[in-house]
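Next comes entry.cif, a file with mmCIF, C-alpha atoms.
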data_protein
loop_
_atom_site.label_atom_id
_atom_site.label_comp_id
_atom_site.auth_asym_id
_atom_site.auth_seq_id
_atom_site.Cartn_x
_atom_site.Cartn_y
_atom_site.Cartn_z
CA MET A 1 -12.31 -52.04 -126.43
CA THR A 2 -14.18 -53.39 -129.39
CA PHE A 3 -17.02 -55.70 -128.53
CA ILE A 4 -17.17 -58.65 -130.89
CA ASN A 5 -20.16 -60.92 -130.65
CA TYR A 6 -19.57 -64.15 -132.54
CA ALA A 7 -22.99 -65.45 -131.60
CA SER A 8 -24.95 -62.63 -133.24
CA ARG A 9 -22.09 -61.72 -135.62
CA GLU A 10 -21.76 -58.09 -134.63
CA ILE A 11 -18.87 -55.71 -134.05
CA ASN A 12 -19.46 -52.60 -131.97
CA CYS A 13 -16.88 -49.82 -131.94
CA LYS A 14 -16.77 -46.67 -129.81
CA ILE A 15 -15.65 -43.40 -131.39
CA VAL A 16 -15.18 -40.28 -129.26
CA TYR A 17 -15.20 -36.69 -130.53
CA TYR A 18 -12.87 -34.62 -128.37
CA GLY A 19 -11.96 -30.93 -128.46
CA PRO A 20 -12.24 -27.54 -126.75
CA GLY A 21 -15.59 -25.97 -125.84
CA LEU A 22 -17.71 -24.79 -128.77
CA CYS A 23 -15.42 -26.35 -131.39
CA GLY A 24 -18.30 -28.22 -133.05
CA LYS A 25 -18.28 -31.77 -131.66
CA THR A 26 -22.03 -31.89 -131.18
CA THR A 27 -22.48 -30.16 -134.55
CA ASN A 28 -20.56 -33.00 -136.22
CA LEU A 29 -22.90 -35.53 -134.65
CA GLN A 30 -25.96 -33.47 -135.52
CA TYR A 31 -24.91 -33.31 -139.16
CA ILE A 32 -24.29 -37.06 -139.31
CA TYR A 33 -27.66 -37.65 -137.69
CA ASP A 34 -29.45 -35.36 -140.17
CA LYS A 35 -27.84 -36.93 -143.22
CA THR A 36 -28.05 -40.60 -142.32
CA ASN A 37 -30.68 -42.97 -143.57
CA PRO A 38 -33.26 -43.46 -140.75
CA THR A 39 -32.83 -47.23 -140.89
CA ALA A 40 -29.11 -46.93 -140.18
CA LYS A 41 -29.24 -44.72 -137.13
CA GLY A 42 -30.63 -44.73 -133.63
CA LYS A 43 -31.72 -41.76 -131.58
CA LEU A 44 -29.32 -38.89 -131.03
CA ILE A 45 -29.12 -38.45 -127.29
CA SER A 46 -27.86 -35.16 -125.93
CA LEU A 47 -27.27 -34.66 -122.24
CA ALA A 48 -27.02 -30.89 -122.39
CA THR A 49 -27.66 -27.85 -120.22
CA GLU A 50 -30.56 -25.49 -120.85
CA THR A 51 -28.27 -23.39 -123.01
CA ASP A 52 -27.44 -26.42 -125.19
CA ARG A 53 -23.92 -26.86 -123.90
CA THR A 54 -23.00 -30.53 -123.56
CA LEU A 55 -23.22 -31.56 -119.91
CA PHE A 56 -22.21 -35.21 -120.00
CA PHE A 57 -22.18 -36.59 -123.54
CA ASP A 58 -23.99 -36.86 -126.86
CA PHE A 59 -24.53 -40.32 -128.21
CA LEU A 60 -25.40 -41.54 -131.69
CA PRO A 61 -25.45 -45.21 -132.70
CA LEU A 62 -24.81 -45.86 -136.41
CA GLU A 63 -25.23 -49.09 -138.27
CA LEU A 64 -22.90 -49.14 -141.21
CA GLY A 65 -23.57 -52.46 -142.88
CA THR A 66 -21.57 -55.66 -142.91
CA VAL A 67 -17.90 -56.45 -143.28
CA ARG A 68 -16.91 -60.08 -143.70
CA GLY A 69 -20.33 -61.17 -142.49
CA PHE A 70 -20.22 -59.06 -139.32
CA LYS A 71 -22.76 -56.33 -138.73
CA THR A 72 -20.73 -53.20 -138.05
CA ARG A 73 -21.99 -50.64 -135.56
CA PHE A 74 -20.31 -47.44 -134.53
CA HIS A 75 -21.27 -45.69 -131.33
CA LEU A 76 -20.37 -42.03 -131.61
CA TYR A 77 -19.86 -40.04 -128.41
CA THR A 78 -18.87 -36.44 -127.76
CA VAL A 79 -17.33 -35.14 -124.57
CA PRO A 80 -18.26 -31.88 -122.85
CA GLY A 81 -15.61 -29.42 -124.02
CA GLN A 82 -15.70 -26.95 -121.17
CA VAL A 83 -12.59 -27.16 -119.00
CA PHE A 84 -14.36 -27.82 -115.70
CA TYR A 85 -16.09 -31.00 -116.95
CA ASP A 86 -12.83 -32.93 -116.90
CA ALA A 87 -14.13 -35.74 -114.67
CA SER A 88 -16.88 -36.47 -117.21
CA ARG A 89 -14.44 -36.41 -120.12
CA LYS A 90 -12.32 -39.09 -118.46
CA LEU A 91 -15.34 -41.36 -118.03
CA ILE A 92 -16.36 -41.11 -121.66
CA LEU A 93 -12.91 -42.15 -122.88
CA LYS A 94 -13.34 -45.52 -121.17
CA GLY A 95 -13.24 -48.31 -123.72
CA VAL A 96 -12.67 -45.99 -126.66
CA ASP A 97 -11.67 -47.50 -130.02
CA GLY A 98 -10.97 -44.33 -131.96
CA VAL A 99 -10.70 -40.61 -131.26
CA ILE A 100 -11.50 -37.61 -133.45
CA PHE A 101 -10.00 -34.37 -132.23
CA VAL A 102 -12.09 -31.44 -133.45
CA ALA A 103 -10.01 -28.26 -133.50
CA ASP A 104 -11.52 -24.79 -133.77
CA SER A 105 -9.77 -23.01 -136.64
CA GLN A 106 -10.34 -19.48 -135.32
CA VAL A 107 -7.04 -17.79 -134.43
CA GLU A 108 -8.22 -16.85 -130.95
CA ARG A 109 -9.05 -20.47 -130.12
CA MET A 110 -5.54 -21.85 -130.78
CA ASP A 111 -4.58 -21.82 -127.10
CA ALA A 112 -7.80 -23.66 -126.25
CA ASN A 113 -7.03 -26.26 -128.95
CA VAL A 114 -3.55 -26.88 -127.58
CA GLU A 115 -4.84 -27.11 -124.03
CA ALA A 116 -7.57 -29.56 -125.05
CA ILE A 117 -5.20 -31.83 -126.97
CA GLU A 118 -2.85 -31.94 -123.99
CA ASN A 119 -5.85 -32.76 -121.81
CA LEU A 120 -6.75 -35.58 -124.23
CA GLU A 121 -3.26 -37.05 -123.96
CA THR A 122 -3.38 -36.91 -120.15
CA ASN A 123 -6.86 -38.40 -119.89
CA LEU A 124 -6.07 -41.19 -122.34
CA LYS A 125 -3.07 -42.04 -120.24
CA THR A 126 -5.17 -42.29 -117.06
CA GLN A 127 -7.37 -44.82 -118.89
CA GLY A 128 -4.32 -46.80 -119.99
CA TYR A 129 -4.21 -45.66 -123.61
CA ASP A 130 -1.51 -43.93 -125.58
CA LEU A 131 -2.48 -41.32 -128.17
CA SER A 132 0.39 -42.42 -130.39
CA ALA A 133 -0.97 -45.98 -130.50
CA ILE A 134 -4.76 -45.64 -130.85
CA PRO A 135 -6.71 -44.86 -134.04
CA TYR A 136 -6.77 -41.07 -134.14
CA VAL A 137 -7.62 -38.33 -136.64
CA LEU A 138 -7.54 -34.54 -136.51
CA GLN A 139 -10.34 -32.36 -137.85
CA LEU A 140 -9.76 -28.65 -138.49
CA ASN A 141 -13.28 -27.31 -138.16
CA LYS A 142 -14.93 -23.98 -139.08
CA ARG A 143 -12.75 -23.46 -142.16
CA ASP A 144 -15.40 -21.11 -143.60
CA LEU A 145 -14.90 -18.41 -140.96
CA PRO A 146 -12.94 -15.26 -141.86
CA ASN A 147 -10.46 -15.26 -138.97
CA VAL A 148 -8.97 -18.74 -139.31
CA ALA A 149 -5.39 -19.82 -138.78
CA SER A 150 -3.62 -21.37 -141.76
CA VAL A 151 -3.70 -25.14 -142.13
CA ASP A 152 0.08 -25.31 -141.90
CA GLU A 153 0.12 -23.32 -138.69
CA MET A 154 -2.55 -25.55 -137.14
CA LYS A 155 -0.76 -28.70 -138.21
CA ARG A 156 2.44 -27.39 -136.66
CA LEU A 157 0.66 -26.82 -133.33
CA LEU A 158 -1.69 -29.80 -133.20
CA VAL A 159 -0.38 -32.77 -135.17
CA ARG A 160 0.86 -35.42 -132.75
CA LYS A 161 1.88 -38.24 -135.06
CA ASN A 162 1.22 -39.00 -138.72
CA GLU A 163 -2.55 -38.82 -138.17
CA PRO A 164 -4.88 -38.02 -141.08
CA VAL A 165 -5.97 -34.36 -141.04
CA PHE A 166 -9.36 -33.25 -142.38
CA GLU A 167 -10.61 -29.74 -143.05
CA ALA A 168 -14.28 -29.31 -142.25
CA VAL A 169 -17.27 -27.03 -141.86
CA ALA A 170 -19.38 -29.15 -139.53
CA ALA A 171 -22.37 -26.80 -139.57
CA LYS A 172 -22.74 -27.16 -143.35
CA GLY A 173 -21.29 -30.62 -143.85
CA PRO A 174 -18.03 -30.54 -145.77
CA GLY A 175 -15.46 -32.82 -144.16
CA VAL A 176 -17.83 -34.37 -141.58
CA PHE A 177 -18.24 -37.78 -143.21
CA GLU A 178 -14.66 -37.75 -144.49
CA THR A 179 -13.47 -37.40 -140.88
CA LEU A 180 -15.73 -40.19 -139.62
CA LYS A 181 -14.69 -42.46 -142.47
CA GLY A 182 -11.05 -41.65 -141.75
CA VAL A 183 -11.28 -42.83 -138.16
CA ALA A 184 -13.52 -45.81 -139.04
CA LYS A 185 -10.85 -47.03 -141.44
CA LEU A 186 -8.20 -46.83 -138.75
CA VAL A 187 -10.40 -48.62 -136.20
CA LEU A 188 -11.22 -51.48 -138.56
CA ALA A 189 -7.61 -51.69 -139.70
CA ASP A 190 -6.66 -51.94 -136.03
CA LEU A 191 -8.97 -54.96 -135.70
CA THR A 192 -7.04 -56.75 -138.39
CA LYS A 193 -3.90 -56.34 -136.32
CA SER A 194 -5.19 -57.26 -132.88
CA SER A 195 -5.49 -60.98 -132.58
CA MET B 1 -4.93 -51.56 -124.70
CA ALA B 2 -6.21 -51.06 -121.19
CA ALA B 3 -8.38 -54.15 -121.01
CA PRO B 4 -8.75 -57.14 -123.28
CA ASP B 5 -11.53 -57.07 -125.83
CA ILE B 6 -14.68 -58.91 -124.89
CA VAL B 7 -15.36 -61.74 -127.25
CA MET B 8 -18.70 -63.47 -126.97
CA TYR B 9 -18.99 -67.10 -128.03
CA GLU B 10 -22.16 -68.96 -128.91
CA GLU B 11 -22.02 -71.30 -125.91
CA GLU B 12 -21.65 -68.57 -123.27
CA PHE B 13 -24.09 -66.31 -125.09
CA ASN B 14 -26.75 -69.02 -124.78
CA GLN B 15 -25.95 -69.52 -121.09
CA ILE B 16 -26.28 -65.78 -120.49
CA LYS B 17 -29.58 -65.65 -122.35
CA ALA B 18 -30.88 -68.54 -120.25
CA ILE B 19 -29.83 -66.89 -116.99
CA ILE B 20 -31.42 -63.53 -117.74
CA SER B 21 -34.63 -65.04 -119.05
CA LYS B 22 -34.91 -67.08 -115.84
CA LEU B 23 -34.19 -63.95 -113.80
CA ARG B 24 -36.97 -62.11 -115.60
CA VAL B 25 -39.49 -64.77 -114.66
CA ASP B 26 -38.19 -65.31 -111.11
CA ALA B 27 -38.11 -61.59 -110.31
CA ASN B 28 -41.49 -61.02 -111.95
CA SER B 29 -39.95 -58.16 -113.92
CA LYS B 30 -40.64 -56.59 -117.31
CA VAL B 31 -37.20 -56.40 -118.83
CA VAL B 32 -33.77 -57.71 -117.93
CA PHE B 33 -30.69 -56.72 -119.86
CA LEU B 34 -26.94 -56.88 -119.68
CA VAL B 35 -24.66 -54.07 -120.75
CA ASP B 36 -20.91 -53.87 -120.95
CA LYS B 37 -19.44 -51.02 -118.83
CA ASN B 38 -18.66 -49.15 -122.04
CA GLY B 39 -22.29 -49.01 -123.06
CA GLN B 40 -22.49 -51.93 -125.48
CA GLN B 41 -25.56 -54.08 -125.07
CA ILE B 42 -24.73 -57.75 -124.52
CA ALA B 43 -28.15 -59.36 -124.17
CA ALA B 44 -31.74 -58.38 -123.42
CA HIS B 45 -34.87 -60.25 -122.50
CA GLY B 46 -38.51 -59.25 -121.95
CA ASP B 47 -40.82 -56.58 -123.40
CA ILE B 48 -38.17 -54.86 -125.46
CA GLU B 49 -40.13 -54.21 -128.67
CA ASN B 50 -41.03 -50.66 -127.69
CA LEU B 51 -37.83 -49.98 -125.86
CA ASP B 52 -34.81 -48.18 -127.33
CA THR B 53 -32.31 -50.64 -125.90
CA THR B 54 -29.26 -49.06 -127.56
CA SER B 55 -29.93 -45.72 -125.87
CA LEU B 56 -30.82 -47.46 -122.66
CA ALA B 57 -27.48 -49.28 -122.72
CA SER B 58 -25.47 -46.16 -123.36
CA LEU B 59 -27.25 -44.10 -120.69
CA THR B 60 -26.99 -46.92 -118.15
CA ALA B 61 -23.25 -47.13 -118.70
CA GLY B 62 -22.97 -43.34 -118.38
CA ASN B 63 -24.98 -43.48 -115.19
CA VAL B 64 -22.81 -46.23 -113.72
CA ALA B 65 -19.61 -44.46 -114.78
CA ALA B 66 -20.74 -41.22 -113.13
CA THR B 67 -21.75 -43.08 -109.97
CA ASP B 68 -18.36 -44.84 -109.91
CA GLY B 69 -16.73 -41.43 -110.12
CA LEU B 70 -18.85 -40.23 -107.19
CA ALA B 71 -17.92 -43.31 -105.17
CA ARG B 72 -14.22 -42.76 -105.64
CA LEU B 73 -14.57 -39.09 -104.68
CA ILE B 74 -15.82 -40.08 -101.24
CA GLY B 75 -13.39 -42.98 -100.89
CA GLU B 76 -15.65 -45.91 -101.81
CA LYS B 77 -14.56 -48.54 -104.32
CA GLU B 78 -17.93 -48.56 -106.03
CA PHE B 79 -21.65 -48.36 -105.37
CA SER B 80 -22.59 -51.83 -106.50
CA ILE B 81 -26.34 -51.20 -106.70
CA LEU B 82 -28.29 -48.27 -108.16
CA PHE B 83 -32.03 -48.04 -107.87
CA HIS B 84 -34.33 -45.58 -109.63
CA GLU B 85 -37.91 -45.43 -108.47
CA GLY B 86 -40.59 -44.16 -110.81
CA GLU B 87 -44.36 -43.78 -110.58
CA LYS B 88 -45.00 -47.06 -112.37
CA ASP B 89 -41.69 -48.55 -113.42
CA ASN B 90 -38.48 -48.90 -111.48
CA ILE B 91 -34.94 -49.66 -112.57
CA HIS B 92 -32.53 -51.79 -110.57
CA ILE B 93 -28.91 -51.63 -111.72
CA SER B 94 -26.08 -53.77 -110.38
CA ILE B 95 -22.51 -54.62 -111.36
CA VAL B 96 -21.60 -58.21 -112.21
CA ALA B 97 -18.10 -59.63 -112.51
CA GLN B 98 -16.68 -56.10 -112.12
CA ARG B 99 -17.25 -55.30 -115.77
CA VAL B 100 -20.83 -55.97 -116.73
CA ILE B 101 -24.00 -54.11 -115.76
CA LEU B 102 -27.19 -56.01 -115.02
CA VAL B 103 -30.37 -53.97 -115.42
CA VAL B 104 -33.82 -55.05 -114.25
CA ILE B 105 -36.93 -53.01 -115.05
CA PHE B 106 -39.99 -53.89 -112.98
CA ASP B 107 -43.37 -52.46 -111.94
CA GLU B 108 -45.83 -52.99 -109.08
CA ARG B 109 -46.19 -56.67 -109.87
CA SER B 110 -42.79 -57.18 -108.25
CA SER B 111 -40.92 -55.57 -105.38
CA LEU B 112 -37.45 -54.26 -104.68
CA GLY B 113 -36.86 -57.03 -102.16
CA LEU B 114 -37.72 -59.79 -104.60
CA VAL B 115 -35.64 -58.22 -107.37
CA ARG B 116 -32.62 -57.86 -105.09
CA LEU B 117 -32.88 -61.44 -103.96
CA ARG B 118 -33.16 -62.87 -107.48
CA VAL B 119 -30.48 -60.56 -108.87
CA LYS B 120 -28.08 -61.81 -106.23
CA LYS B 121 -28.58 -65.40 -107.29
CA ALA B 122 -28.37 -64.65 -111.02
CA SER B 123 -25.23 -62.57 -110.43
CA GLU B 124 -23.42 -65.58 -109.02
CA GLU B 125 -24.25 -67.58 -112.13
CA LEU B 126 -23.27 -64.73 -114.44
CA ASN B 127 -19.98 -64.33 -112.57
CA ARG B 128 -19.13 -67.91 -113.45
CA VAL B 129 -20.01 -67.48 -117.12
CA PHE B 130 -17.93 -64.31 -117.47
CA ALA B 131 -14.99 -65.92 -115.72
CA ASN B 132 -15.27 -68.70 -118.33
CA ILE B 133 -15.36 -66.22 -121.18
CA MET B 134 -12.29 -64.38 -119.96
CA SER B 135 -10.27 -67.55 -119.47
CA LYS B 136 -11.36 -68.78 -122.89
CA VAL B 137 -10.20 -65.54 -124.52
CA GLU B 138 -6.86 -65.75 -122.70
CA LYS B 139 -6.43 -69.40 -123.60
CA GLU B 140 -7.19 -68.87 -127.27
CA LYS B 141 -4.77 -66.02 -127.45
CA ALA B 142 -2.02 -67.91 -125.69
CA ALA B 143 -2.55 -71.21 -127.50
CA ALA B 144 -3.01 -69.87 -130.98
CA GLY B 145 -0.37 -67.15 -130.71
CA ALA B 146 0.56 -65.90 -134.13
CA ALA B 147 -1.62 -68.48 -135.81
CA PHE B 148 -4.81 -66.98 -134.37
CA GLU B 149 -6.88 -65.87 -137.33
CA SER B 150 -8.83 -62.74 -136.64
CA PRO B 151 -11.98 -62.80 -138.77
CA PHE B 152 -11.06 -59.26 -139.75
CA ALA B 153 -7.55 -60.01 -140.92
CA GLU B 154 -8.67 -59.65 -144.49
CA ILE B 155 -10.63 -56.42 -144.32
CA THR B 156 -9.70 -54.37 -147.34
CA ASP B 157 -10.01 -50.68 -148.16
CA GLU B 158 -12.85 -51.63 -150.51
CA ASP B 159 -14.75 -53.30 -147.66
CA ILE B 160 -14.49 -50.12 -145.64
CA ASP B 161 -15.37 -47.86 -148.57
CA SER B 162 -18.45 -49.95 -149.27
CA LEU B 163 -19.69 -49.30 -145.71
CA PHE B 164 -19.93 -45.62 -146.52
CA SER B 165 -21.20 -45.82 -150.05
CA GLU B 166 -24.86 -46.24 -149.15
#
Can you dump the structure from the file as C-alpha cells?
Amino acid sequence: MTFINYASREINCKIVYYGPGLCGKTTNLQYIYDKTNPTAKGKLISLATETDRTLFFDFLPLELGTVRGFKTRFHLYTVPGQVFYDASRKLILKGVDGVIFVADSQVERMDANVEAIENLETNLKTQGYDLSAIPYVLQLNKRDLPNVASVDEMKRLLVRKNEPVFEAVAAKGPGVFETLKGVAKLVLADLTKSS
Amino acid sequence: MAAPDIVMYEEEFNQIKAIISKLRVDANSKVVFLVDKNGQQIAAHGDIENLDTTSLASLTAGNVAATDGLARLIGEKEFSILFHEGEKDNIHISIVAQRVILVVIFDERSSLGLVRLRVKKASEELNRVFANIMSKVEKEKAAAGAAFESPFAEITDEDIDSLFSE
C-alpha cells in the first residue's frame, strides 16, 4: 500500500526482506546502511535478541531522490527468519509494496529456503496479497561460500514466476544494491499501472 | 491489493494539520503525530526538531501491530488505546478511523485524563476527515476510470536508474 502525499509531494514505499533464518536479510540492510550517503538515510533500527538474531524487525528508511517531482522514500524492513516467529512475520507483511526473498545458497539450507518461500506465499495470502501479482525479486545470497548449490538448481527449486534473480554476497556487497534496485523498479513500475 | 492506497490531498492535509495542532495545544502536550498503520508518517506537530519521527512512526506501527495480534489471541477485536508511562515523558497511542494511529507525547505539564479527553474529541474530527479522503479516492477512481492519469504513468527506466546513480 503505497502512501502518496500530494500535499507534500512524497511517495513512500515499503519493501520487505523475507527468507529463512540466518540467510542474510539483516546483513543486506546493514550493507545498504553502511554504503549510503548519510543525508539519504535514517537510522537503522534493529529489534534483535541479545545474540543479534532479529526478534521483530529491522527498519531502514532511504530517501532516493525525486521522480516526476515526487520525493521517493523506501522503507526497508526485514522479518525475523526463525520459524517460531511466524506471527511477527505476518504483521510485517502488512501494507507491503515489494518483497525480496533472500535465499541461503548453502546446500544444507535448501529445505529451509523452500519452507520459507512457502511460508511467504501463505502469509501473503492471509494479508490479501498474491505472490504472483506483487513486485517480487529473488536473491541468491552467500555465493562466495564453498558448499553452495548451483544457480540452476536453486532457480528450479525457488523461482515462482518470471521474477528477476540476483546473485549476491551480502556481507561484502556484491548484488546487494542490484537486488534493491531490481525491486524498486518493479514497485515504481507498479505505480504506473495502478490508477 | 488488500486495501486501497491512501492518497492525501492538500485540502484534507491542511484540515488534519489544523486538528492535530489544536490537539497539541488543548492537551498541553509536547508532540502530536499521525501515522498510517503501516508505519508511514502522515503529519506531525510540536517539538519535533530533535525527534527521529521516521523511526518513531515505524516503531509505533510495529507496536500497534503487535498489540493487535495480542488482542486477537485473547479474542478482542483490538486494544484501541496504548499508554506508555516514562519518568518524564509519556506516550498515548490510539487508533483513529480503524486505519490511522494518533500519537500524543506529553510530560508532567499535562495529565493522562486531559490527554484522553482531548484525544477523544480530536478523533471524532479526524474520523470525518478520513472518511472524506476515502470517499474522494473512491469517487475519483470511479469517475475517471481509465482516464485517470496517475502522476507516475510516465516513469521511465532512466528515471529509476537516476535514483540510484548518486
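Minimum atom-to-atom distance to Asp152 in chain A, evaluated using only C-alpha atoms, belongs to A:Ser105 out of A:Lys181, A:Ser105, A:Val169, A:Pro135.
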Using all atoms listed in the file, what does the table of chain A residues within 7 Å of chain B look like, with each row giving the shortest atom pair and its distance in Å to one decimal, sorted by chain and ascending number, as a Markdown table?
| residue | atom | partner | partner_atom | distance |
| --- | --- | --- | --- | --- |
| A:Met1 | CA | B:Asp5 | CA | 5.1 |
| A:Thr2 | CA | B:Asp5 | CA | 5.8 |
| A:Phe3 | CA | B:Ile6 | CA | 5.4 |
| A:Ile4 | CA | B:Val7 | CA | 5.1 |
| A:Asn5 | CA | B:Met8 | CA | 4.7 |
| A:Tyr6 | CA | B:Tyr9 | CA | 5.4 |
| A:Ala7 | CA | B:Glu10 | CA | 4.5 |
| A:Leu64 | CA | B:Leu163 | CA | 5.5 |
| A:Gly65 | CA | B:Leu163 | CA | 5.7 |
| A:Val67 | CA | B:Asp159 | CA | 6.2 |
| A:Leu91 | CA | B:Ala65 | CA | 6.2 |
| A:Lys94 | CA | B:Asn38 | CA | 6.5 |
| A:Gly95 | CA | B:Asn38 | CA | 5.7 |
| A:Gln127 | CA | B:Ala2 | CA | 6.8 |
| A:Gly128 | CA | B:Ala2 | CA | 4.8 |
| A:Tyr129 | CA | B:Met1 | CA | 6.0 |
| A:Lys185 | CA | B:Ile160 | CA | 6.4 |
| A:Leu191 | CA | B:Phe152 | CA | 6.3 |
| A:Thr192 | CA | B:Ala153 | CA | 4.2 |
| A:Lys193 | CA | B:Ala153 | CA | 6.9 |
| A:Ser195 | CA | B:Ser150 | CA | 5.5 |
Check: Near Leu29 in chain A, counting only C-alpha atoms, which residues have an atom at most 8 Å away, once you skip same-chain residues fewer than 2 positions from it, shown as a list in words?
Finding: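 The filter keeps Lys25, Thr26, Thr27, Tyr31, Ile32, Tyr33, Asp58, Leu60 and Leu76 of chain A.
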For this structure, which residues satisfy the selection - the PyMOL selection byres ((chain B and resi 71-83) around 8) - when it is evaluated on the file as given? I want them as a CSV table (one decimal) with C-alpha atoms, in the frame of the given file.
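As a result, result.csv now contains:
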chain,number,residue,atom,x,y,z
B,67,THR,CA,-21.8,-43.1,-110.0
B,68,ASP,CA,-18.4,-44.8,-109.9
B,69,GLY,CA,-16.7,-41.4,-110.1
B,70,LEU,CA,-18.8,-40.2,-107.2
B,84,HIS,CA,-34.3,-45.6,-109.6
B,85,GLU,CA,-37.9,-45.4,-108.5
B,90,ASN,CA,-38.5,-48.9,-111.5
B,91,ILE,CA,-34.9,-49.7,-112.6
B,92,HIS,CA,-32.5,-51.8,-110.6
B,93,ILE,CA,-28.9,-51.6,-111.7
B,94,SER,CA,-26.1,-53.8,-110.4
B,95,ILE,CA,-22.5,-54.6,-111.4
Checklist line | Residues matched by the PyMOL selection byres ((chain B and resi 122-139) around 7), written as an NGL selection string | finding: :B and (7 or 12 or 16 or 19 or 23 or 96-97 or 118-121 or 140-143)
Checklist line | Selection dump of the PyMOL selection byres ((chain A and resi 23) around 12), as a PyMOL selection string | finding: chain A and resi 17-22+24-28+53-54+78-82+101-106+108-110+112-113+116+139-143+168-171
Can those selected residues be exported to a file as a PDB file, in the frame of the given file so that it contains C-alpha atoms?
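Listed below is the output, part.pdb:
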ATOM      1  CA  TYR A  17     -15.200 -36.690-130.530  1.00  0.00           C
ATOM      2  CA  TYR A  18     -12.870 -34.620-128.370  1.00  0.00           C
ATOM      3  CA  GLY A  19     -11.960 -30.930-128.460  1.00  0.00           C
ATOM      4  CA  PRO A  20     -12.240 -27.540-126.750  1.00  0.00           C
ATOM      5  CA  GLY A  21     -15.590 -25.970-125.840  1.00  0.00           C
ATOM      6  CA  LEU A  22     -17.710 -24.790-128.770  1.00  0.00           C
ATOM      7  CA  GLY A  24     -18.300 -28.220-133.050  1.00  0.00           C
ATOM      8  CA  LYS A  25     -18.280 -31.770-131.660  1.00  0.00           C
ATOM      9  CA  THR A  26     -22.030 -31.890-131.180  1.00  0.00           C
ATOM     10  CA  THR A  27     -22.480 -30.160-134.550  1.00  0.00           C
ATOM     11  CA  ASN A  28     -20.560 -33.000-136.220  1.00  0.00           C
ATOM     12  CA  ARG A  53     -23.920 -26.860-123.900  1.00  0.00           C
ATOM     13  CA  THR A  54     -23.000 -30.530-123.560  1.00  0.00           C
ATOM     14  CA  THR A  78     -18.870 -36.440-127.760  1.00  0.00           C
ATOM     15  CA  VAL A  79     -17.330 -35.140-124.570  1.00  0.00           C
ATOM     16  CA  PRO A  80     -18.260 -31.880-122.850  1.00  0.00           C
ATOM     17  CA  GLY A  81     -15.610 -29.420-124.020  1.00  0.00           C
ATOM     18  CA  GLN A  82     -15.700 -26.950-121.170  1.00  0.00           C
ATOM     19  CA  PHE A 101     -10.000 -34.370-132.230  1.00  0.00           C
ATOM     20  CA  VAL A 102     -12.090 -31.440-133.450  1.00  0.00           C
ATOM     21  CA  ALA A 103     -10.010 -28.260-133.500  1.00  0.00           C
ATOM     22  CA  ASP A 104     -11.520 -24.790-133.770  1.00  0.00           C
ATOM     23  CA  SER A 105      -9.770 -23.010-136.640  1.00  0.00           C
ATOM     24  CA  GLN A 106     -10.340 -19.480-135.320  1.00  0.00           C
ATOM     25  CA  GLU A 108      -8.220 -16.850-130.950  1.00  0.00           C
ATOM     26  CA  ARG A 109      -9.050 -20.470-130.120  1.00  0.00           C
ATOM     27  CA  MET A 110      -5.540 -21.850-130.780  1.00  0.00           C
ATOM     28  CA  ALA A 112      -7.800 -23.660-126.250  1.00  0.00           C
ATOM     29  CA  ASN A 113      -7.030 -26.260-128.950  1.00  0.00           C
ATOM     30  CA  ALA A 116      -7.570 -29.560-125.050  1.00  0.00           C
ATOM     31  CA  GLN A 139     -10.340 -32.360-137.850  1.00  0.00           C
ATOM     32  CA  LEU A 140      -9.760 -28.650-138.490  1.00  0.00           C
ATOM     33  CA  ASN A 141     -13.280 -27.310-138.160  1.00  0.00           C
ATOM     34  CA  LYS A 142     -14.930 -23.980-139.080  1.00  0.00           C
ATOM     35  CA  ARG A 143     -12.750 -23.460-142.160  1.00  0.00           C
ATOM     36  CA  ALA A 168     -14.280 -29.310-142.250  1.00  0.00           C
ATOM     37  CA  VAL A 169     -17.270 -27.030-141.860  1.00  0.00           C
ATOM     38  CA  ALA A 170     -19.380 -29.150-139.530  1.00  0.00           C
ATOM     39  CA  ALA A 171     -22.370 -26.800-139.570  1.00  0.00           C
TER      40      ALA A 171
END
Item checked: Expected residue set, 9 Å radius at (-10.9, -39.6, -142.3), all atoms listed in the file, as a list of chain:residue names -> A:Val137, A:Leu138, A:Gln139, A:Pro164, A:Val165, A:Phe166, A:Gly175, A:Val176, A:Phe177, A:Glu178, A:Thr179, A:Leu180, A:Lys181, A:Gly182, A:Val183, A:Ala184, A:Lys185, A:Leu186
Checklist line | Option closest in space to Val114 in chain A, from A:Ser132, A:Leu158, A:Leu145, A:Ala189 [counting all atoms listed in the file] | finding: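 Answer, going by the shortest atom-to-atom distance: A:Leu158.
Going from CA of Asp52 in chain A over to CA of Asn50 in chain B, you cover 27.9 Å.
Take CA of Val32 in chain B and CA of Arg109 in chain B: the distance between them is 14.8 Å.
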Notebook entry, point to check: Within 8 Å of Val107 in chain A, counting all atoms listed in the file, which residues qualify if same-chain residues fewer than 6 places away don't, as a ChimeraX atom specification?
Noted result: /A:147-149
Check: What is the CA of Glu121 in chain A-CA of Pro61 in chain A distance in Å, reported with one decimal?
Finding: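 Result for CA of Glu121 in chain A versus CA of Pro61 in chain A: 25.2 Å, one decimal.
Remark: for Ile117 in chain A, the closest of the candidate residues A:Ala87, A:Ala40, A:Cys13, A:Leu157 is A:Leu157 (distances computed over only C-alpha atoms).
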Enclose all atoms of range 22-36 of chain B listed in the file in an axis-aligned box, grow every side by 4 Å, and hand back centre and edge lengths in Å to one decimal, as JSON.
{"center_x": -31.2, "center_y": -60.5, "center_z": -115.6, "size_x": 28.6, "size_y": 21.2, "size_z": 18.6}
Item checked: Gly98 in chain A surroundings by all atoms listed in the file, 7 Å radius, close-in-sequence under 5 positions cut, as an NGL selection string -> :A and (14-16 or 134-136 or 183 or 187)
Notebook entry, point to check: Neighbours of Ala27 in chain B within 9 Å (all atoms listed in the file; same-chain residues fewer than 4 positions away dropped), as an NGL selection string?
Noted result: :B and (22-23 or 104 or 106 or 110-111 or 114-119)
Expected file: the selected residues, C-alpha atoms, as a tab-separated table (two decimals), keeping the file's coordinate frame:
chain	number	residue	atom	x	y	z
B	22	LYS	CA	-34.91	-67.08	-115.84
B	23	LEU	CA	-34.19	-63.95	-113.80
B	104	VAL	CA	-33.82	-55.05	-114.25
B	106	PHE	CA	-39.99	-53.89	-112.98
B	110	SER	CA	-42.79	-57.18	-108.25
B	111	SER	CA	-40.92	-55.57	-105.38
B	114	LEU	CA	-37.72	-59.79	-104.60
B	115	VAL	CA	-35.64	-58.22	-107.37
B	116	ARG	CA	-32.62	-57.86	-105.09
B	117	LEU	CA	-32.88	-61.44	-103.96
B	118	ARG	CA	-33.16	-62.87	-107.48
B	119	VAL	CA	-30.48	-60.56	-108.87
